[in-house]
Each structure stands twice: as structure tokens, then as C-alpha cells.
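Enquirer: Have a peek at structure_7.txt (compact mmCIF, C-alpha atoms and all ligand atoms).
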# COMPACT_ATOMS: atom_id res chain seq x y z
CA MET A 1 -37.31 -7.47 -6.01
CA SER A 2 -35.79 -4.00 -6.50
CA GLU A 3 -32.70 -3.50 -8.67
CA ARG A 4 -30.66 -2.78 -5.56
CA SER A 5 -31.73 -5.85 -3.60
CA GLY A 6 -31.36 -7.98 -6.74
CA GLU A 7 -27.77 -6.80 -7.18
CA PHE A 8 -27.07 -7.43 -3.50
CA ALA A 9 -28.48 -10.95 -3.77
CA ARG A 10 -26.27 -11.64 -6.81
CA GLN A 11 -23.19 -10.41 -4.94
CA VAL A 12 -23.97 -12.51 -1.88
CA ARG A 13 -24.54 -15.57 -4.07
CA ALA A 14 -21.21 -15.03 -5.87
CA TYR A 15 -19.46 -14.62 -2.52
CA LEU A 16 -21.00 -17.79 -1.07
CA GLU A 17 -20.18 -19.78 -4.21
CA TYR A 18 -16.57 -18.67 -3.98
CA GLN A 19 -16.38 -19.64 -0.31
CA LEU A 20 -17.92 -23.05 -1.07
CA SER A 21 -15.42 -23.57 -3.89
CA GLN A 22 -12.67 -22.95 -1.33
CA GLY A 23 -14.07 -25.62 0.96
CA VAL A 24 -15.52 -23.16 3.47
CA ARG A 25 -18.60 -24.60 5.20
CA LYS A 26 -19.21 -22.01 7.90
CA ILE A 27 -19.13 -18.25 7.50
CA VAL A 28 -19.13 -15.82 10.40
CA LEU A 29 -19.88 -12.36 9.14
CA PRO A 30 -18.92 -9.26 11.10
CA SER A 31 -21.79 -7.37 12.67
CA PRO A 32 -21.22 -3.77 11.57
CA THR A 33 -23.75 -2.26 13.91
CA GLY A 34 -23.29 -4.53 16.89
CA PRO A 35 -22.45 -3.10 20.29
CA ALA A 36 -18.92 -4.50 20.31
CA ARG A 37 -18.19 -2.83 17.01
CA ALA A 38 -19.67 0.48 18.10
CA ALA A 39 -17.49 0.35 21.20
CA GLY A 40 -14.35 -0.81 19.43
CA GLY A 41 -14.65 1.44 16.39
CA LEU A 42 -12.22 1.33 13.50
CA GLU A 43 -9.45 -0.42 15.43
CA ALA A 44 -11.76 -3.34 16.25
CA ILE A 45 -12.78 -3.57 12.60
CA ARG A 46 -9.14 -3.63 11.49
CA ASP A 47 -8.43 -6.33 14.08
CA GLU A 48 -11.33 -8.39 12.81
CA LEU A 49 -10.09 -8.05 9.23
CA GLY A 50 -6.77 -9.51 10.34
CA ASP A 51 -4.57 -10.97 7.61
CA CYS A 52 -7.69 -11.41 5.50
CA THR A 53 -8.00 -14.25 2.99
CA ARG A 54 -11.75 -13.97 2.47
CA CYS A 55 -11.42 -13.43 -1.29
CA PRO A 56 -8.89 -14.21 -4.04
CA LEU A 57 -7.37 -10.71 -3.94
CA SER A 58 -5.46 -11.83 -0.84
CA ALA A 59 -3.27 -14.02 -3.07
CA THR A 60 -1.82 -11.14 -5.08
CA ARG A 61 -1.85 -8.19 -2.70
CA ARG A 62 1.21 -6.94 -0.90
CA THR A 63 -0.61 -4.94 1.79
CA ILE A 64 -4.15 -4.58 3.06
CA VAL A 65 -5.16 -0.96 2.57
CA PHE A 66 -7.70 -0.49 5.32
CA GLY A 67 -8.42 3.23 5.17
CA GLU A 68 -7.35 6.33 7.04
CA GLY A 69 -8.45 9.68 8.32
CA ASP A 70 -10.55 11.21 11.05
CA PRO A 71 -12.47 8.38 12.77
CA HIS A 72 -15.30 10.85 13.35
CA ALA A 73 -15.14 12.61 9.99
CA ARG A 74 -18.19 14.43 8.71
CA LEU A 75 -17.18 13.52 5.17
CA MET A 76 -16.09 10.11 3.89
CA PHE A 77 -14.66 9.28 0.47
CA VAL A 78 -15.02 5.76 -0.89
CA GLY A 79 -12.93 4.68 -3.86
CA GLU A 80 -12.69 1.44 -5.78
CA GLY A 81 -9.55 -0.31 -4.55
CA PRO A 82 -5.83 0.14 -3.99
CA GLY A 83 -3.46 0.62 -6.90
CA ALA A 84 0.25 -0.18 -7.03
CA ASP A 85 1.34 2.79 -4.89
CA GLU A 86 -1.31 2.11 -2.29
CA ASP A 87 -0.50 -1.62 -2.22
CA ARG A 88 3.13 -0.73 -1.56
CA GLU A 89 2.48 1.91 1.12
CA GLY A 90 -0.62 0.43 2.76
CA ARG A 91 -2.46 3.75 2.53
CA PRO A 92 -5.38 4.76 0.31
CA PHE A 93 -5.01 7.29 -2.49
CA VAL A 94 -1.29 8.04 -2.25
CA GLY A 95 -0.38 7.83 -5.96
CA LYS A 96 -1.04 10.34 -8.69
CA ALA A 97 -4.81 9.97 -8.38
CA GLY A 98 -4.42 10.30 -4.62
CA ARG A 99 -2.57 13.57 -5.01
CA LEU A 100 -5.43 14.87 -7.14
CA LEU A 101 -7.93 13.70 -4.50
CA THR A 102 -5.91 15.56 -1.86
CA ARG A 103 -6.05 18.73 -3.98
CA MET A 104 -9.81 18.29 -4.36
CA ILE A 105 -10.19 17.91 -0.58
CA ASN A 106 -8.03 20.98 0.00
CA ALA A 107 -10.11 22.95 -2.53
CA MET A 108 -13.13 22.12 -0.39
CA GLY A 109 -11.38 23.91 2.47
CA LEU A 110 -10.50 20.68 4.27
CA GLU A 111 -7.34 18.77 5.13
CA ARG A 112 -7.00 15.09 4.29
CA SER A 113 -6.76 14.38 8.00
CA GLU A 114 -10.26 15.86 8.46
CA VAL A 115 -12.00 13.33 6.19
CA TYR A 116 -12.04 9.53 6.14
CA ILE A 117 -10.90 7.68 3.03
CA ALA A 118 -11.57 4.00 2.28
CA ASN A 119 -12.06 1.70 -0.67
CA VAL A 120 -14.66 -0.86 -1.68
CA VAL A 121 -12.00 -3.60 -1.69
CA LYS A 122 -8.98 -3.37 0.56
CA CYS A 123 -6.58 -5.39 -1.57
CA ARG A 124 -5.24 -4.44 -4.98
CA PRO A 125 -6.88 -6.21 -7.92
CA PRO A 126 -4.12 -7.58 -10.17
CA MET A 127 -3.30 -5.41 -13.19
CA ASN A 128 -5.66 -2.80 -11.72
CA ARG A 129 -8.68 -4.68 -13.07
CA ASN A 130 -12.11 -3.97 -11.63
CA PRO A 131 -12.91 -5.99 -8.51
CA GLU A 132 -15.25 -8.92 -9.17
CA PRO A 133 -18.71 -9.00 -7.55
CA HIS A 134 -17.73 -11.81 -5.15
CA GLU A 135 -14.64 -9.84 -4.08
CA ILE A 136 -16.78 -6.76 -3.45
CA ALA A 137 -19.27 -8.88 -1.52
CA ALA A 138 -16.52 -10.44 0.60
CA CYS A 139 -15.08 -7.06 1.55
CA ASN A 140 -18.39 -5.25 1.89
CA PRO A 141 -19.09 -6.07 5.56
CA PHE A 142 -15.89 -4.25 6.48
CA LEU A 143 -16.77 -1.17 4.44
CA GLU A 144 -20.21 -1.24 6.04
CA ALA A 145 -18.58 -1.45 9.43
CA GLN A 146 -16.26 1.45 8.64
CA ILE A 147 -19.22 3.59 7.56
CA ALA A 148 -21.10 2.64 10.73
CA ALA A 149 -18.08 3.47 12.90
CA VAL A 150 -17.26 6.81 11.25
CA SER A 151 -20.94 7.70 10.80
CA PRO A 152 -20.25 10.47 8.29
CA GLU A 153 -22.82 13.12 7.38
CA VAL A 154 -22.02 12.71 3.67
CA ILE A 155 -20.25 10.05 1.58
CA VAL A 156 -18.62 10.80 -1.77
CA ALA A 157 -18.50 7.73 -4.01
CA LEU A 158 -15.50 8.00 -6.32
CA GLY A 159 -16.34 6.31 -9.59
CA ARG A 160 -18.73 3.66 -10.87
CA ILE A 161 -17.55 0.74 -8.72
CA ALA A 162 -17.90 2.70 -5.49
CA ALA A 163 -21.31 4.01 -6.53
CA MET A 164 -22.38 0.49 -7.47
CA ALA A 165 -21.21 -0.97 -4.16
CA LEU A 166 -22.75 1.78 -2.06
CA LEU A 167 -26.01 2.23 -3.92
CA GLY A 168 -26.56 -1.22 -5.41
CA THR A 169 -27.07 0.12 -8.91
CA LYS A 170 -25.40 -0.50 -12.24
CA ASP A 171 -26.34 2.92 -13.57
CA PRO A 172 -23.42 4.75 -15.17
CA ILE A 173 -21.64 7.35 -13.06
CA MET A 174 -22.68 10.06 -15.49
CA LYS A 175 -26.31 9.34 -14.68
CA LEU A 176 -25.73 9.10 -10.92
CA ARG A 177 -23.45 12.07 -10.32
CA GLY A 178 -24.61 15.57 -9.51
CA MET A 179 -27.27 14.55 -7.01
CA PHE A 180 -27.48 12.98 -3.58
CA HIS A 181 -28.73 9.41 -3.20
CA ASP A 182 -30.00 8.21 0.15
CA ARG A 183 -28.17 5.27 1.64
CA ASN A 184 -29.66 4.21 4.94
CA GLY A 185 -30.07 7.84 5.90
CA ILE A 186 -26.64 8.98 4.72
CA PRO A 187 -26.57 11.11 1.55
CA VAL A 188 -24.15 9.76 -1.07
CA MET A 189 -22.78 11.96 -3.84
CA PRO A 190 -21.32 9.92 -6.69
CA THR A 191 -18.68 11.67 -8.75
CA TYR A 192 -15.82 10.83 -11.08
CA HIS A 193 -12.84 8.86 -9.83
CA PRO A 194 -9.65 10.97 -9.77
CA SER A 195 -8.00 8.42 -12.11
CA PHE A 196 -10.71 9.12 -14.68
CA LEU A 197 -10.13 12.85 -14.31
CA LEU A 198 -6.40 12.35 -14.86
CA ARG A 199 -6.98 10.18 -17.93
CA ASN A 200 -9.23 12.84 -19.42
CA GLU A 201 -7.38 15.95 -18.37
CA GLU A 202 -7.56 17.55 -21.78
CA ASP A 203 -11.33 17.96 -21.51
CA ARG A 204 -12.00 20.33 -18.63
CA LYS A 205 -15.69 19.42 -18.63
CA TRP A 206 -15.12 16.41 -16.35
CA LYS A 207 -13.21 18.34 -13.70
CA ALA A 208 -15.82 21.09 -13.81
CA GLU A 209 -18.56 18.52 -13.23
CA ALA A 210 -16.63 16.89 -10.36
CA TRP A 211 -16.09 20.29 -8.78
CA SER A 212 -19.78 21.03 -9.15
CA ASP A 213 -20.52 17.76 -7.28
CA LEU A 214 -18.09 18.64 -4.51
CA LYS A 215 -19.60 22.10 -4.14
CA LYS A 216 -22.96 20.46 -3.48
CA VAL A 217 -21.28 18.38 -0.79
CA MET A 218 -19.73 21.52 0.71
CA ALA A 219 -23.13 23.22 0.77
CA ARG A 220 -24.64 20.15 2.44
CA LEU A 221 -21.95 20.28 5.12
CA GLY A 222 -22.37 24.03 5.61
CA LEU A 223 -18.87 24.76 4.32
CA HIS A 224 -18.01 27.96 2.47
CA VAL A 225 -18.65 27.40 -1.24
CA PRO A 226 -16.40 29.56 -3.43
CA ALA A 227 -18.02 31.16 -6.45
CA THR A 228 -15.02 30.41 -8.69
CA GLY A 229 -12.29 27.77 -9.09
CA ASN A 230 -12.25 24.26 -10.50
CA GLY A 231 -11.45 22.24 -7.41
CA SER A 232 -7.89 21.33 -8.30
S1 LIG B 1 -10.24 -7.53 -0.68
FE1 LIG B 1 -11.20 -7.50 1.34
S2 LIG B 1 -12.18 -9.52 1.55
FE2 LIG B 1 -10.68 -9.68 -0.13
S3 LIG B 1 -8.83 -10.44 0.88
FE3 LIG B 1 -8.69 -8.19 0.81
S4 LIG B 1 -9.49 -7.51 2.79
FE4 LIG B 1 -10.15 -9.65 2.49
Would you mind giving the structure from this file in C-alpha cells?
Expert:
Amino acid sequence: MSERSGEFARQVRAYLEYQLSQGVRKIVLPSPTGPARAAGGLEAIRDELGDCTRCPLSATRRTIVFGEGDPHARLMFVGEGPGADEDREGRPFVGKAGRLLTRMINAMGLERSEVYIANVVKCRPPMNRNPEPHEIAACNPFLEAQIAAVSPEVIVALGRIAAMALLGTKDPIMKLRGMFHDRNGIPVMPTYHPSFLLRNEEDRKWKAEAWSDLKKVMARLGLHVPATGNGS
């Protein structure tokens, strides 16, 4: 079994064990690539998510943060999960890290409204802890469905958790970043999470590396790649 399929199997097992512990005996998973989904698009996926209680994060969240942006975006960003600001507003990446992400998108020559932004989990983990594998597994069908509906040409994975969820690897982000990884035919560029860049602002190396990653994405999309600048 490959590392990726092994990780997926572990996540599914954790998810099923959690559901069993909650007394659930029948699970109906969404079908991300089914005809109804393709026809209904993002709205149908949001409807299916409903007032979701599929994992324990539902108990502490204020708002489900589904995702936003161009439903036919060429570029999709996937982060880890909502923080306090996002939980309050119901929109992804609206806090300080979100403002940095917006500046990074603008530096690429794009508006926020031209890309699609989502998270691995759609409810805020308490105390901003990392989402647990069974929480990621529970939310994953909806992320898969969003990716299928948007059908982006490139995905940027923001941080280790997003890279892990999208690529099924536990490799550190520093090893993954800087190159495209194939994910069912869609190239994924892992890079640093904006929160990490903010926490390490004093060392410009990290921002320079993130900007280098984004420039590769721009080249892949045929966008103008400036010779200078740091992306923020
Ligand atoms: S994180 Fe995802 S699976 Fe868990 S309750 Fe929220 S929407 Fe449902």
C-alpha cells in the first residue's frame, strides 16, 4: 500500500470509528463527481452540507465557513480551517492572515473574486488547534466535491495540513513546496500558510520562497510573471 493510500485508509478508519462511537450505523457519503453534483455545482454541495454535525467541530463552531470565490476559477487556494475571524464572519481568510493572502493574490495580478478559496475543514477547531484526522476525513468529501465543481487548473495548498489532505503525505511543507504535485490530473503547489509567514515576518526568506512558489503558479496559468517584488 502506498503512503498516500495508507494515510487515506487511516483517515477513513478514524472517521468511521468516530461515527460508530456516536451511534451512527449508516453513512451516506456525497458523490463528488456524480451527475447531480455536476449539475448543481457549489450551491448543491452547500445544501448537502446543511447544518453539518458530521464531526465534533460542529459542537464548538459558530459558523460553517464553506468557501467563496469564482465558481469556475482557474486557481483554487485550500487552507487548513477557519480561525476566529472566519468563524465569526462565515467567510474564509478574512483575518490578518486572510489580508496577507489577498495581497498575495493581488501580487499575482488577480482579484480575490477571480480565485476560489476553501479550507480542509469548514468549522473552526477550538483554540485554533490542528484538525484531527477523523475531522479531516469527515469534511473531505465536501472539499473533493468543491474541487470537482470548480475544476481549477491549479490548486495552491496553504500549509502542511492542506498539503497533507490534498496529497495524502506527511512530508513537511518545506520538502513539498516549490514544485507541482499531481492530484488526479490537477497540479497542486504546496506553499507556506499566510499565518506562518506572519509569525516569521522577521525572516524574509519564507516570504521570498512563497513568492517563488506563486510565480511558478502564475507561469503555469500563463499569467505575467514580474521579475521583481516579493508578493506582498
Ligand atoms: S468540519 Fe466539516 S464535517 Fe465537521 S462539522 Fe464542520 S462541516 Fe461538518
Enquirer: At a cut-off of 10 Å, using only C-alpha atoms, what residues contact Arg220 in chain A? Leave out same-chain residues fewer than 3 positions from it and give the result as a PDB file with C-alpha atoms, keeping the file's coordinate frame.
Expert:
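Result file part.pdb:
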ATOM      1  CA  GLU A 153     -22.820  13.120   7.380  1.00  0.00           C
ATOM      2  CA  VAL A 154     -22.020  12.710   3.670  1.00  0.00           C
ATOM      3  CA  PHE A 180     -27.480  12.980  -3.580  1.00  0.00           C
ATOM      4  CA  PRO A 187     -26.570  11.110   1.550  1.00  0.00           C
ATOM      5  CA  LEU A 214     -18.090  18.640  -4.510  1.00  0.00           C
ATOM      6  CA  LYS A 215     -19.600  22.100  -4.140  1.00  0.00           C
ATOM      7  CA  LYS A 216     -22.960  20.460  -3.480  1.00  0.00           C
ATOM      8  CA  VAL A 217     -21.280  18.380  -0.790  1.00  0.00           C
ATOM      9  CA  LEU A 223     -18.870  24.760   4.320  1.00  0.00           C
TER      10      LEU A 223
END
Enquirer: So, counting all atoms listed in the file, which residue among A:Glu48, A:Gly83, A:Lys122, A:Ala59 is closest to ligand LIG 1 (chain B)?
Expert: A:Lys122
Enquirer: Enumerate as a list in words the residues within 6 Å of ligand LIG 1 (chain B), counting only C-alpha atoms and all ligand atoms.
Expert: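 These are the residues that qualify: Cys52, Thr53, Arg54, Cys55, Leu57, Ser58, Val121, Lys122, Cys123, Glu135, Ala138 and Cys139 of chain A.
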Enquirer: With all atoms listed in the file as the atoms that count, which of A:Pro172, A:Pro131, A:Met108, A:Val65 lies nearest to Ala227 in chain A?
Expert: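 Residue with the minimum atom-to-atom distance to Ala227 in chain A: A:Met108.
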Enquirer: Take CA of Arg74 in chain A and CA of Arg160 in chain A and report the distance between them in Å, one decimal.
Expert: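 So the two atoms, CA of Arg74 in chain A and CA of Arg160 in chain A, lie 22.4 Å apart.
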Enquirer: Residues near Glu89 in chain A, anyone? I mean within 12 Å using only C-alpha atoms, not counting same-chain ones fewer than 2 positions away, as a list in words.
Expert: Arg61, Arg62, Thr63, Ile64, Val65, Phe66, Gly67, Pro82, Gly83, Ala84, Asp85, Glu86, Asp87, Arg91, Pro92, Phe93, Val94, Gly95, Cys123 and Arg124 of chain A
Enquirer: Output as a tab-separated table one row per residue of range 147-215 of chain A within 10 Å of range 40-44 of chain A: the closest atom pair and its distance in Å to one decimal place, counting all atoms listed in the file, sorted by chain and residue number ascending.
Expert:
residue	atom	partner	partner_atom	distance
A:Ile147	CA	A:Leu42	CA	9.5
A:Ala148	CA	A:Gly41	CA	8.7
A:Ala149	CA	A:Gly41	CA	5.3
A:Val150	CA	A:Leu42	CA	7.8
Enquirer: How many Å lie between CA of Arg99 in chain A and CA of Phe196 in chain A, rounded to one decimal?
Expert: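 CA of Arg99 in chain A sits 13.4 Å away from CA of Phe196 in chain A.
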Enquirer: Check the smallest atom-to-atom distance from each of A:Met174, A:Ile117, A:Ala219, A:Ala157 to Pro71 in chain A using all atoms listed in the file, then report the winner.
Expert: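 For Pro71 in chain A, the nearest of the candidates is A:Ile117.
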Enquirer: By how many Å are CA of Gly79 in chain A and CA of Gly50 in chain A apart?
Expert: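 A separation of 21.0 Å between them.
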Enquirer: Restricting the calculation to only C-alpha atoms, which member of A:Ala97, A:Leu158, A:Val78, A:Leu221 is positioned closest to Glu144 in chain A?
Expert: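 The closest residue to Glu144 in chain A is A:Val78.
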Enquirer: Name the closest residue to Met76 in chain A among the candidates A:Asn119, A:Ser195, A:Thr60, A:Asn130; distances are taken between atoms, counting all atoms listed in the file.
Expert: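 The closest residue to Met76 in chain A is A:Asn119.
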